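Engineer: Coordinates in model.pdb, PDB, C-alpha atoms, pLDDT in the B column, are listed below.
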ATOM      1  CA  MET A   1       6.068  19.591   2.628  1.00 86.00           C
ATOM      2  CA  PRO A   2       8.352  19.190   5.668  1.00 92.00           C
ATOM      3  CA  PHE A   3       6.645  17.421   8.559  1.00 97.00           C
ATOM      4  CA  ASP A   4       6.356  19.206  11.879  1.00 97.00           C
ATOM      5  CA  PRO A   5       5.073  17.200  14.898  1.00 97.00           C
ATOM      6  CA  ASN A   6       3.520  20.426  16.203  1.00 97.00           C
ATOM      7  CA  SER A   7       1.262  20.548  13.139  1.00 97.00           C
ATOM      8  CA  LEU A   8      -0.711  17.571  14.472  1.00 98.00           C
ATOM      9  CA  THR A   9      -3.936  17.970  16.433  1.00 98.00           C
ATOM     10  CA  TYR A  10      -3.508  16.808  20.018  1.00 98.00           C
ATOM     11  CA  ASP A  11      -6.249  16.396  22.603  1.00 96.00           C
ATOM     12  CA  GLU A  12      -6.607  18.584  25.689  1.00 95.00           C
ATOM     13  CA  LYS A  13      -3.874  16.498  27.358  1.00 96.00           C
ATOM     14  CA  GLY A  14      -1.502  17.045  24.454  1.00 98.00           C
ATOM     15  CA  LEU A  15      -1.870  13.462  23.205  1.00 98.00           C
ATOM     16  CA  ILE A  16      -2.662  11.773  19.894  1.00 98.00           C
ATOM     17  CA  PRO A  17      -3.643   8.114  19.420  1.00 98.00           C
ATOM     18  CA  ALA A  18      -1.162   5.950  17.514  1.00 98.00           C
ATOM     19  CA  ILE A  19      -2.112   2.609  15.959  1.00 98.00           C
ATOM     20  CA  ALA A  20       0.696   0.090  15.459  1.00 98.00           C
ATOM     21  CA  GLN A  21       0.344  -2.308  12.523  1.00 98.00           C
ATOM     22  CA  ASP A  22       2.795  -4.867  11.224  1.00 98.00           C
ATOM     23  CA  PRO A  23       3.697  -4.951   7.519  1.00 97.00           C
ATOM     24  CA  ASP A  24       1.344  -7.913   6.953  1.00 97.00           C
ATOM     25  CA  GLY A  25      -1.621  -5.820   8.100  1.00 97.00           C
ATOM     26  CA  GLU A  26      -2.109  -7.171  11.614  1.00 98.00           C
ATOM     27  CA  ILE A  27      -3.044  -4.472  14.108  1.00 98.00           C
ATOM     28  CA  LEU A  28      -0.845  -4.935  17.147  1.00 98.00           C
ATOM     29  CA  MET A  29      -1.889  -2.234  19.611  1.00 98.00           C
ATOM     30  CA  MET A  30      -3.031   1.338  20.116  1.00 98.00           C
ATOM     31  CA  ALA A  31      -1.279   3.740  22.466  1.00 98.00           C
ATOM     32  CA  TRP A  32      -0.689   7.469  22.814  1.00 98.00           C
ATOM     33  CA  MET A  33       2.010   9.937  21.837  1.00 98.00           C
ATOM     34  CA  ASN A  34       2.736  13.567  22.537  1.00 98.00           C
ATOM     35  CA  ALA A  35       4.659  15.891  20.192  1.00 98.00           C
ATOM     36  CA  GLU A  36       7.968  14.980  21.793  1.00 98.00           C
ATOM     37  CA  SER A  37       7.405  11.236  21.453  1.00 98.00           C
ATOM     38  CA  VAL A  38       6.365  11.685  17.795  1.00 98.00           C
ATOM     39  CA  ALA A  39       9.645  13.526  17.202  1.00 98.00           C
ATOM     40  CA  ALA A  40      11.676  10.925  19.134  1.00 98.00           C
ATOM     41  CA  THR A  41      10.070   8.060  17.205  1.00 98.00           C
ATOM     42  CA  LEU A  42      10.943   9.655  13.864  1.00 98.00           C
ATOM     43  CA  GLU A  43      14.447  10.554  14.990  1.00 97.00           C
ATOM     44  CA  THR A  44      15.425   7.236  16.564  1.00 98.00           C
ATOM     45  CA  GLY A  45      13.284   4.809  14.553  1.00 98.00           C
ATOM     46  CA  ARG A  46      12.290   3.183  17.854  1.00 98.00           C
ATOM     47  CA  VAL A  47       8.624   3.632  18.622  1.00 98.00           C
ATOM     48  CA  THR A  48       8.279   5.839  21.701  1.00 98.00           C
ATOM     49  CA  TYR A  49       4.836   6.327  23.232  1.00 98.00           C
ATOM     50  CA  TRP A  50       3.708   8.496  26.115  1.00 98.00           C
ATOM     51  CA  SER A  51       2.586   6.412  29.078  1.00 96.00           C
ATOM     52  CA  ARG A  52      -0.582   7.949  30.516  1.00 94.00           C
ATOM     53  CA  SER A  53      -0.370   5.806  33.671  1.00 93.00           C
ATOM     54  CA  ARG A  54       3.289   6.567  34.382  1.00 94.00           C
ATOM     55  CA  GLN A  55       3.245  10.058  32.814  1.00 96.00           C
ATOM     56  CA  SER A  56       6.562   9.402  31.132  1.00 96.00           C
ATOM     57  CA  PHE A  57       8.068   8.399  27.798  1.00 97.00           C
ATOM     58  CA  TRP A  58       7.644   4.743  27.009  1.00 96.00           C
ATOM     59  CA  ILE A  59      10.201   3.389  24.584  1.00 97.00           C
ATOM     60  CA  LYS A  60       8.369   0.259  23.515  1.00 97.00           C
ATOM     61  CA  GLY A  61      10.324  -2.835  24.511  1.00 95.00           C
ATOM     62  CA  GLU A  62      12.931  -0.985  26.550  1.00 95.00           C
ATOM     63  CA  THR A  63      12.432  -3.306  29.503  1.00 92.00           C
ATOM     64  CA  SER A  64      10.717  -6.297  27.818  1.00 93.00           C
ATOM     65  CA  GLY A  65      12.881  -6.414  24.709  1.00 95.00           C
ATOM     66  CA  HIS A  66       9.672  -6.437  22.641  1.00 96.00           C
ATOM     67  CA  THR A  67      10.679  -3.445  20.569  1.00 97.00           C
ATOM     68  CA  GLN A  68       8.934  -1.775  17.660  1.00 98.00           C
ATOM     69  CA  GLU A  69      11.134  -0.556  14.840  1.00 98.00           C
ATOM     70  CA  LEU A  70       9.404   2.127  12.808  1.00 98.00           C
ATOM     71  CA  ILE A  71       9.018   1.370   9.121  1.00 98.00           C
ATOM     72  CA  GLU A  72       6.698   4.270   8.331  1.00 98.00           C
ATOM     73  CA  MET A  73       4.546   6.824  10.135  1.00 98.00           C
ATOM     74  CA  ARG A  74       1.271   7.955   8.562  1.00 98.00           C
ATOM     75  CA  VAL A  75      -1.091  10.786   9.505  1.00 98.00           C
ATOM     76  CA  ASP A  76      -4.844  10.781   8.965  1.00 98.00           C
ATOM     77  CA  CYS A  77      -6.936  13.407   7.159  1.00 98.00           C
ATOM     78  CA  ASP A  78      -7.812  15.274  10.365  1.00 97.00           C
ATOM     79  CA  ARG A  79      -4.210  15.036  11.623  1.00 98.00           C
ATOM     80  CA  ASP A  80      -5.549  13.695  14.928  1.00 98.00           C
ATOM     81  CA  CYS A  81      -4.524  10.036  14.617  1.00 98.00           C
ATOM     82  CA  LEU A  82      -1.289   8.283  13.639  1.00 98.00           C
ATOM     83  CA  LEU A  83      -0.666   4.944  11.979  1.00 98.00           C
ATOM     84  CA  LEU A  84       2.703   3.329  12.635  1.00 98.00           C
ATOM     85  CA  ILE A  85       3.885   0.538  10.381  1.00 98.00           C
ATOM     86  CA  VAL A  86       6.325  -1.343  12.597  1.00 98.00           C
ATOM     87  CA  ARG A  87       8.594  -4.338  12.755  1.00 98.00           C
ATOM     88  CA  GLN A  88       7.564  -5.956  16.035  1.00 98.00           C
ATOM     89  CA  THR A  89      10.030  -8.098  17.984  1.00 97.00           C
ATOM     90  CA  GLY A  90       8.167 -10.654  20.120  1.00 96.00           C
ATOM     91  CA  PRO A  91       4.622 -10.078  21.339  1.00 98.00           C
ATOM     92  CA  ALA A  92       3.247  -6.516  21.281  1.00 98.00           C
ATOM     93  CA  CYS A  93       0.800  -7.062  24.148  1.00 97.00           C
ATOM     94  CA  HIS A  94       1.736  -7.043  27.838  1.00 95.00           C
ATOM     95  CA  THR A  95      -0.230 -10.309  28.129  1.00 97.00           C
ATOM     96  CA  ASN A  96       2.458 -11.866  25.911  1.00 97.00           C
ATOM     97  CA  ARG A  97       0.147 -12.145  22.925  1.00 98.00           C
ATOM     98  CA  ARG A  98       1.140 -10.985  19.461  1.00 97.00           C
ATOM     99  CA  SER A  99      -1.680  -8.404  19.381  1.00 98.00           C
ATOM    100  CA  CYS A 100      -3.682  -6.621  22.065  1.00 98.00           C
ATOM    101  CA  PHE A 101      -6.862  -7.255  20.035  1.00 98.00           C
ATOM    102  CA  TYR A 102      -7.223 -10.922  20.935  1.00 98.00           C
ATOM    103  CA  THR A 103     -10.872 -10.817  22.010  1.00 98.00           C
ATOM    104  CA  ALA A 104     -13.669 -10.933  19.434  1.00 98.00           C
ATOM    105  CA  ILE A 105     -17.396 -10.444  19.982  1.00 98.00           C
ATOM    106  CA  ARG A 106     -19.248 -13.243  18.222  1.00 97.00           C
ATOM    107  CA  GLY A 107     -22.938 -13.885  18.711  1.00 94.00           C
ATOM    108  CA  GLY A 108     -22.912 -11.665  21.802  1.00 95.00           C
ATOM    109  CA  GLU A 109     -20.117 -13.650  23.423  1.00 97.00           C
ATOM    110  CA  GLU A 110     -16.456 -12.826  24.014  1.00 98.00           C
ATOM    111  CA  VAL A 111     -14.163 -15.225  22.188  1.00 98.00           C
ATOM    112  CA  GLU A 112     -10.403 -15.458  22.741  1.00 98.00           C
ATOM    113  CA  LEU A 113      -8.636 -15.462  19.373  1.00 98.00           C
ATOM    114  CA  MET A 114      -5.058 -16.123  20.457  1.00 96.00           C
ATOM    115  CA  LYS A 115      -3.118 -17.504  23.395  1.00 96.00           C
ATOM    116  CA  PRO A 116      -0.085 -15.965  25.077  1.00 97.00           C
ATOM    117  CA  GLU A 117       3.202 -16.932  23.462  1.00 92.00           C
ATOM    118  CA  SER A 118       5.305 -19.289  25.557  1.00 78.00           C
TER     119      SER A 118
ATOM    120  CA  MET B   1     -18.690 -14.763  28.466  1.00 86.00           C
ATOM    121  CA  PRO B   2     -21.566 -12.539  27.291  1.00 92.00           C
ATOM    122  CA  PHE B   3     -20.367  -9.158  26.036  1.00 97.00           C
ATOM    123  CA  ASP B   4     -21.680  -6.026  27.742  1.00 97.00           C
ATOM    124  CA  PRO B   5     -20.842  -2.643  26.134  1.00 97.00           C
ATOM    125  CA  ASN B   6     -20.824  -1.148  29.637  1.00 97.00           C
ATOM    126  CA  SER B   7     -17.870  -3.387  30.541  1.00 97.00           C
ATOM    127  CA  LEU B   8     -15.591  -1.326  28.267  1.00 98.00           C
ATOM    128  CA  THR B   9     -13.414   1.478  29.590  1.00 98.00           C
ATOM    129  CA  TYR B  10     -14.554   4.850  28.248  1.00 98.00           C
ATOM    130  CA  ASP B  11     -12.741   8.153  28.615  1.00 96.00           C
ATOM    131  CA  GLU B  12     -14.028  11.041  30.726  1.00 95.00           C
ATOM    132  CA  LYS B  13     -16.388  11.955  27.846  1.00 96.00           C
ATOM    133  CA  GLY B  14     -17.806   8.422  27.714  1.00 98.00           C
ATOM    134  CA  LEU B  15     -16.014   7.608  24.468  1.00 98.00           C
ATOM    135  CA  ILE B  16     -13.767   4.807  23.203  1.00 98.00           C
ATOM    136  CA  PRO B  17     -11.618   4.910  20.035  1.00 98.00           C
ATOM    137  CA  ALA B  18     -12.628   2.493  17.268  1.00 98.00           C
ATOM    138  CA  ILE B  19     -10.277   1.528  14.433  1.00 98.00           C
ATOM    139  CA  ALA B  20     -11.915   0.372  11.185  1.00 98.00           C
ATOM    140  CA  GLN B  21      -9.967  -2.150   9.106  1.00 98.00           C
ATOM    141  CA  ASP B  22     -11.001  -3.953   5.951  1.00 98.00           C
ATOM    142  CA  PRO B  23     -10.651  -7.741   5.702  1.00 97.00           C
ATOM    143  CA  ASP B  24      -7.463  -7.360   3.626  1.00 97.00           C
ATOM    144  CA  GLY B  25      -5.764  -5.531   6.501  1.00 97.00           C
ATOM    145  CA  GLU B  26      -6.004  -1.937   5.256  1.00 98.00           C
ATOM    146  CA  ILE B  27      -6.752   0.530   8.041  1.00 98.00           C
ATOM    147  CA  LEU B  28      -9.525   2.795   6.838  1.00 98.00           C
ATOM    148  CA  MET B  29     -10.146   5.272   9.650  1.00 98.00           C
ATOM    149  CA  MET B  30     -10.339   5.849  13.374  1.00 98.00           C
ATOM    150  CA  ALA B  31     -13.374   7.395  15.054  1.00 98.00           C
ATOM    151  CA  TRP B  32     -15.136   7.299  18.415  1.00 98.00           C
ATOM    152  CA  MET B  33     -18.020   5.366  19.966  1.00 98.00           C
ATOM    153  CA  ASN B  34     -19.981   5.570  23.177  1.00 98.00           C
ATOM    154  CA  ALA B  35     -21.692   2.617  24.865  1.00 98.00           C
ATOM    155  CA  GLU B  36     -24.912   3.213  22.928  1.00 98.00           C
ATOM    156  CA  SER B  37     -23.162   3.294  19.562  1.00 98.00           C
ATOM    157  CA  VAL B  38     -21.247   0.106  20.408  1.00 98.00           C
ATOM    158  CA  ALA B  39     -24.575  -1.579  21.174  1.00 98.00           C
ATOM    159  CA  ALA B  40     -26.211  -0.171  18.019  1.00 98.00           C
ATOM    160  CA  THR B  41     -23.300  -1.328  15.837  1.00 98.00           C
ATOM    161  CA  LEU B  42     -23.547  -4.867  17.189  1.00 98.00           C
ATOM    162  CA  GLU B  43     -27.332  -4.924  16.928  1.00 97.00           C
ATOM    163  CA  THR B  44     -27.699  -3.494  13.420  1.00 98.00           C
ATOM    164  CA  GLY B  45     -24.403  -4.597  11.829  1.00 98.00           C
ATOM    165  CA  ARG B  46     -24.038  -1.050  10.503  1.00 98.00           C
ATOM    166  CA  VAL B  47     -21.109   0.763  12.027  1.00 98.00           C
ATOM    167  CA  THR B  48     -22.400   3.647  14.150  1.00 98.00           C
ATOM    168  CA  TYR B  49     -19.916   6.097  15.618  1.00 98.00           C
ATOM    169  CA  TRP B  50     -20.440   9.029  17.937  1.00 98.00           C
ATOM    170  CA  SER B  51     -19.698  12.329  16.217  1.00 96.00           C
ATOM    171  CA  ARG B  52     -17.753  14.548  18.615  1.00 94.00           C
ATOM    172  CA  SER B  53     -18.263  17.626  16.423  1.00 93.00           C
ATOM    173  CA  ARG B  54     -22.020  17.153  15.989  1.00 94.00           C
ATOM    174  CA  GLN B  55     -22.554  15.436  19.371  1.00 96.00           C
ATOM    175  CA  SER B  56     -24.823  12.876  17.776  1.00 96.00           C
ATOM    176  CA  PHE B  57     -24.869   9.324  16.473  1.00 97.00           C
ATOM    177  CA  TRP B  58     -23.131   8.957  13.139  1.00 96.00           C
ATOM    178  CA  ILE B  59     -24.281   5.970  11.135  1.00 97.00           C
ATOM    179  CA  LYS B  60     -21.345   5.717   8.762  1.00 97.00           C
ATOM    180  CA  GLY B  61     -22.495   6.292   5.184  1.00 95.00           C
ATOM    181  CA  GLU B  62     -26.039   7.298   6.082  1.00 95.00           C
ATOM    182  CA  THR B  63     -25.784  10.436   3.931  1.00 92.00           C
ATOM    183  CA  SER B  64     -22.829   9.552   1.668  1.00 93.00           C
ATOM    184  CA  GLY B  65     -23.786   5.936   0.991  1.00 95.00           C
ATOM    185  CA  HIS B  66     -20.253   4.938   2.002  1.00 96.00           C
ATOM    186  CA  THR B  67     -21.424   2.472   4.614  1.00 97.00           C
ATOM    187  CA  GLN B  68     -19.474   0.114   6.821  1.00 98.00           C
ATOM    188  CA  GLU B  69     -20.940  -3.311   7.394  1.00 98.00           C
ATOM    189  CA  LEU B  70     -19.567  -4.905  10.534  1.00 98.00           C
ATOM    190  CA  ILE B  71     -17.846  -8.241  10.046  1.00 98.00           C
ATOM    191  CA  GLU B  72     -16.391  -8.483  13.532  1.00 98.00           C
ATOM    192  CA  MET B  73     -15.775  -6.302  16.566  1.00 98.00           C
ATOM    193  CA  ARG B  74     -12.679  -6.887  18.696  1.00 98.00           C
ATOM    194  CA  VAL B  75     -11.690  -5.477  22.075  1.00 98.00           C
ATOM    195  CA  ASP B  76      -8.125  -4.861  23.250  1.00 98.00           C
ATOM    196  CA  CYS B  77      -6.470  -6.120  26.439  1.00 98.00           C
ATOM    197  CA  ASP B  78      -7.233  -2.949  28.406  1.00 97.00           C
ATOM    198  CA  ARG B  79     -10.790  -2.810  27.028  1.00 98.00           C
ATOM    199  CA  ASP B  80     -10.208   0.819  26.059  1.00 98.00           C
ATOM    200  CA  CYS B  81      -9.932   0.474  22.274  1.00 98.00           C
ATOM    201  CA  LEU B  82     -12.035  -1.305  19.646  1.00 98.00           C
ATOM    202  CA  LEU B  83     -11.064  -2.843  16.325  1.00 98.00           C
ATOM    203  CA  LEU B  84     -13.831  -3.125  13.743  1.00 98.00           C
ATOM    204  CA  ILE B  85     -13.353  -5.440  10.783  1.00 98.00           C
ATOM    205  CA  VAL B  86     -15.679  -3.939   8.180  1.00 98.00           C
ATOM    206  CA  ARG B  87     -16.861  -4.267   4.625  1.00 98.00           C
ATOM    207  CA  GLN B  88     -16.473  -0.722   3.311  1.00 98.00           C
ATOM    208  CA  THR B  89     -18.644   0.542   0.458  1.00 97.00           C
ATOM    209  CA  GLY B  90     -16.847   3.275  -1.468  1.00 96.00           C
ATOM    210  CA  PRO B  91     -14.200   5.482   0.145  1.00 98.00           C
ATOM    211  CA  ALA B  92     -14.020   5.600   3.956  1.00 98.00           C
ATOM    212  CA  CYS B  93     -12.514   9.088   4.093  1.00 97.00           C
ATOM    213  CA  HIS B  94     -14.513  12.312   3.716  1.00 95.00           C
ATOM    214  CA  THR B  95     -11.839  13.420   1.202  1.00 97.00           C
ATOM    215  CA  ASN B  96     -13.099  10.594  -1.033  1.00 97.00           C
ATOM    216  CA  ARG B  97     -10.016   8.472  -0.504  1.00 98.00           C
ATOM    217  CA  ARG B  98     -10.194   4.807   0.391  1.00 97.00           C
ATOM    218  CA  SER B  99      -8.408   5.404   3.717  1.00 98.00           C
ATOM    219  CA  CYS B 100      -7.961   8.452   5.958  1.00 98.00           C
ATOM    220  CA  PHE B 101      -4.271   7.505   6.387  1.00 98.00           C
ATOM    221  CA  TYR B 102      -3.114   8.716   2.987  1.00 98.00           C
ATOM    222  CA  THR B 103      -0.180  10.834   4.178  1.00 98.00           C
ATOM    223  CA  ALA B 104       3.172   9.224   4.990  1.00 98.00           C
ATOM    224  CA  ILE B 105       6.214  10.839   6.591  1.00 98.00           C
ATOM    225  CA  ARG B 106       9.269   9.918   4.541  1.00 97.00           C
ATOM    226  CA  GLY B 107      12.648  11.543   5.067  1.00 94.00           C
ATOM    227  CA  GLY B 108      11.003  14.311   7.081  1.00 95.00           C
ATOM    228  CA  GLU B 109       8.574  15.154   4.277  1.00 97.00           C
ATOM    229  CA  GLU B 110       4.836  14.559   3.933  1.00 98.00           C
ATOM    230  CA  VAL B 111       4.056  12.301   0.980  1.00 98.00           C
ATOM    231  CA  GLU B 112       0.548  11.698  -0.408  1.00 98.00           C
ATOM    232  CA  LEU B 113       0.005   7.964  -0.849  1.00 98.00           C
ATOM    233  CA  MET B 114      -3.357   7.966  -2.615  1.00 96.00           C
ATOM    234  CA  LYS B 115      -5.596  10.272  -4.610  1.00 96.00           C
ATOM    235  CA  PRO B 116      -9.323  10.850  -4.122  1.00 97.00           C
ATOM    236  CA  GLU B 117     -11.502   8.394  -6.007  1.00 92.00           C
ATOM    237  CA  SER B 118     -13.314   9.896  -8.941  1.00 78.00           C
TER     238      SER B 118
END
Now, as a test, write the supplied structure out as structure tokens.

Structural biologist:
Amino acid sequence: MPFDPNSLTYDEKGLIPAIAQDPDGEILMMAWMNAESVAATLETGRVTYWSRSRQSFWIKGETSGHTQELIEMRVDCDRDCLLLIVRQTGPACHTNRRSCFYTAIRGGEEVELMKPES
Amino acid sequence: MPFDPNSLTYDEKGLIPAIAQDPDGEILMMAWMNAESVAATLETGRVTYWSRSRQSFWIKGETSGHTQELIEMRVDCDRDCLLLIVRQTGPACHTNRRSCFYTAIRGGEEVELMKPES
């Protein structure tokens, strides 16, 4: 079946969450896309989110160089969430860490799992 | 630092997305939590979402038996997304597949990656 970005279920703001995972299974980040950024990501192979704070397209790594090259896009059963398998260059997180999920809750305490890359 | 579920950033409906991943790295599903379900998940060790369609707590597997036992909860840099490392019993998806992300986009076509478990 041909894929149509408009066949996805977007929220009231026209957005869908997109989880970025590297090929080894590490979850790097979660951000948002609209139908146009889904289409652009598939067309260019460069992961392109929608920035809710800037209200504009956000080609990941365009300014930082920390790009995400799309390996594969997946859709969930409800068509309201995307999984992006990506080749990440440099850290994915704006804090310069590999992953945004660097804080664990252990025994009721917050524990830092990784340091910023130098 | 002690963890407080109220320190997370929830959307205008009081919800935060939560990604469930098994210890081998497979992403199983994405659903939503509110502050009370975050607290309940940490307290009981049984993953408890908030069902947007039913507007009620959703203890994963309570009716199906396909439970999720929490191994670890992680918080992202913006504190607006959760990652749950879980031990999944049976399929995570309501279609009886291991993961909800069973559809890939390849060459513009939708491809089914896994079949329902029997």

Engineer: Using the chain letters and numbers from this file, what does the PyMOL selection byres ((chain A) within 7 of (chain B)) select? Give the answer as a list in words.

Structural biologist: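 Selection result, ordered by chain and number: Met1, Pro2, Phe3, Gly25, Glu26, Glu72, Met73, Arg74, Val75, Asp76, Cys77, Cys100, Phe101, Tyr102, Thr103, Ala104, Ile105, Gly108, Glu109 and Glu110 of chain A.
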
Engineer: Applying 12 Å and only C-alpha atoms, which residues near A:Tyr49 remain after dropping the ones on its own chain fewer than 6 positions away? List them as a PyMOL selection string.

Structural biologist: chain A and resi 15-20+29-42+55-62+67-68+82+84

Engineer: Using only C-alpha atoms, please write the residues we just selected to a file, as a PDB file, in the frame of the given file.

Structural biologist:
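This is the output file selection_3.pdb:
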ATOM      1  CA  LEU A  15      -1.870  13.462  23.205  1.00 98.00           C
ATOM      2  CA  ILE A  16      -2.662  11.773  19.894  1.00 98.00           C
ATOM      3  CA  PRO A  17      -3.643   8.114  19.420  1.00 98.00           C
ATOM      4  CA  ALA A  18      -1.162   5.950  17.514  1.00 98.00           C
ATOM      5  CA  ILE A  19      -2.112   2.609  15.959  1.00 98.00           C
ATOM      6  CA  ALA A  20       0.696   0.090  15.459  1.00 98.00           C
ATOM      7  CA  MET A  29      -1.889  -2.234  19.611  1.00 98.00           C
ATOM      8  CA  MET A  30      -3.031   1.338  20.116  1.00 98.00           C
ATOM      9  CA  ALA A  31      -1.279   3.740  22.466  1.00 98.00           C
ATOM     10  CA  TRP A  32      -0.689   7.469  22.814  1.00 98.00           C
ATOM     11  CA  MET A  33       2.010   9.937  21.837  1.00 98.00           C
ATOM     12  CA  ASN A  34       2.736  13.567  22.537  1.00 98.00           C
ATOM     13  CA  ALA A  35       4.659  15.891  20.192  1.00 98.00           C
ATOM     14  CA  GLU A  36       7.968  14.980  21.793  1.00 98.00           C
ATOM     15  CA  SER A  37       7.405  11.236  21.453  1.00 98.00           C
ATOM     16  CA  VAL A  38       6.365  11.685  17.795  1.00 98.00           C
ATOM     17  CA  ALA A  39       9.645  13.526  17.202  1.00 98.00           C
ATOM     18  CA  ALA A  40      11.676  10.925  19.134  1.00 98.00           C
ATOM     19  CA  THR A  41      10.070   8.060  17.205  1.00 98.00           C
ATOM     20  CA  LEU A  42      10.943   9.655  13.864  1.00 98.00           C
ATOM     21  CA  GLN A  55       3.245  10.058  32.814  1.00 96.00           C
ATOM     22  CA  SER A  56       6.562   9.402  31.132  1.00 96.00           C
ATOM     23  CA  PHE A  57       8.068   8.399  27.798  1.00 97.00           C
ATOM     24  CA  TRP A  58       7.644   4.743  27.009  1.00 96.00           C
ATOM     25  CA  ILE A  59      10.201   3.389  24.584  1.00 97.00           C
ATOM     26  CA  LYS A  60       8.369   0.259  23.515  1.00 97.00           C
ATOM     27  CA  GLY A  61      10.324  -2.835  24.511  1.00 95.00           C
ATOM     28  CA  GLU A  62      12.931  -0.985  26.550  1.00 95.00           C
ATOM     29  CA  THR A  67      10.679  -3.445  20.569  1.00 97.00           C
ATOM     30  CA  GLN A  68       8.934  -1.775  17.660  1.00 98.00           C
ATOM     31  CA  LEU A  82      -1.289   8.283  13.639  1.00 98.00           C
ATOM     32  CA  LEU A  84       2.703   3.329  12.635  1.00 98.00           C
TER      33      LEU A  84
END

Engineer: Might I get the box with edges along x, y and z of the file that holds all atoms of stretch 104-109 of chain A listed there, padded by 3 Å on every side, given as centre and edge lengths in Å to one decimal, as JSON?

Structural biologist:
{"center_x": -18.3, "center_y": -12.2, "center_z": 20.8, "size_x": 15.3, "size_y": 9.4, "size_z": 11.2}

Engineer: Rounded to one decimal in Å, what is the spacing between atom CA of A:Pro91 and atom CA of A:Lys115?

Structural biologist: 10.9 Å

Engineer: Can you tell me how far atom CA of B:Val86 sits from atom CA of B:Ser51, in Å to one decimal?

Structural biologist: 18.6 Å

Engineer: Quick check, in Å to one decimal: how far apart do atom CA of A:Leu8 and atom CA of B:Pro116 lie?

Structural biologist: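 It comes out at 21.6 Å.
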
Engineer: Since the input lacks some atoms of stretch 41-55 of chain B, please model N, CA and C atoms and print them as a compact mmCIF listing (two decimals), in the coordinates of the input.

Structural biologist:
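Contents of the output file out_37.txt:
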# COMPACT_ATOMS: atom_id res chain seq x y z
N THR B 41 -24.13 -0.72 16.90
CA THR B 41 -23.30 -1.33 15.84
C THR B 41 -23.45 -2.84 15.86
N LEU B 42 -23.42 -3.41 17.07
CA LEU B 42 -23.55 -4.87 17.19
C LEU B 42 -24.95 -5.33 16.81
N GLU B 43 -25.94 -4.53 17.16
CA GLU B 43 -27.33 -4.92 16.93
C GLU B 43 -27.71 -4.82 15.46
N THR B 44 -27.27 -3.73 14.81
CA THR B 44 -27.70 -3.49 13.42
C THR B 44 -26.70 -4.02 12.39
N GLY B 45 -25.43 -4.21 12.80
CA GLY B 45 -24.40 -4.60 11.83
C GLY B 45 -23.95 -3.45 10.96
N ARG B 46 -24.49 -2.25 11.22
CA ARG B 46 -24.04 -1.05 10.50
C ARG B 46 -23.23 -0.20 11.48
N VAL B 47 -22.00 0.09 11.08
CA VAL B 47 -21.11 0.76 12.03
C VAL B 47 -21.64 2.16 12.35
N THR B 48 -21.81 2.41 13.64
CA THR B 48 -22.40 3.65 14.15
C THR B 48 -21.44 4.28 15.15
N TYR B 49 -20.84 5.38 14.74
CA TYR B 49 -19.92 6.10 15.62
C TYR B 49 -20.68 7.16 16.41
N TRP B 50 -19.92 7.84 17.28
CA TRP B 50 -20.44 9.03 17.94
C TRP B 50 -19.66 10.22 17.38
N SER B 51 -20.35 11.16 16.78
CA SER B 51 -19.70 12.33 16.22
C SER B 51 -19.41 13.34 17.32
N ARG B 52 -18.13 13.59 17.57
CA ARG B 52 -17.75 14.55 18.61
C ARG B 52 -18.09 15.98 18.18
N SER B 53 -17.99 16.25 16.88
CA SER B 53 -18.26 17.63 16.42
C SER B 53 -19.76 17.91 16.43
N ARG B 54 -20.57 16.92 16.04
CA ARG B 54 -22.02 17.15 15.99
C ARG B 54 -22.71 16.71 17.27
N GLN B 55 -21.97 15.97 18.13
CA GLN B 55 -22.55 15.44 19.37
C GLN B 55 -23.83 14.64 19.08
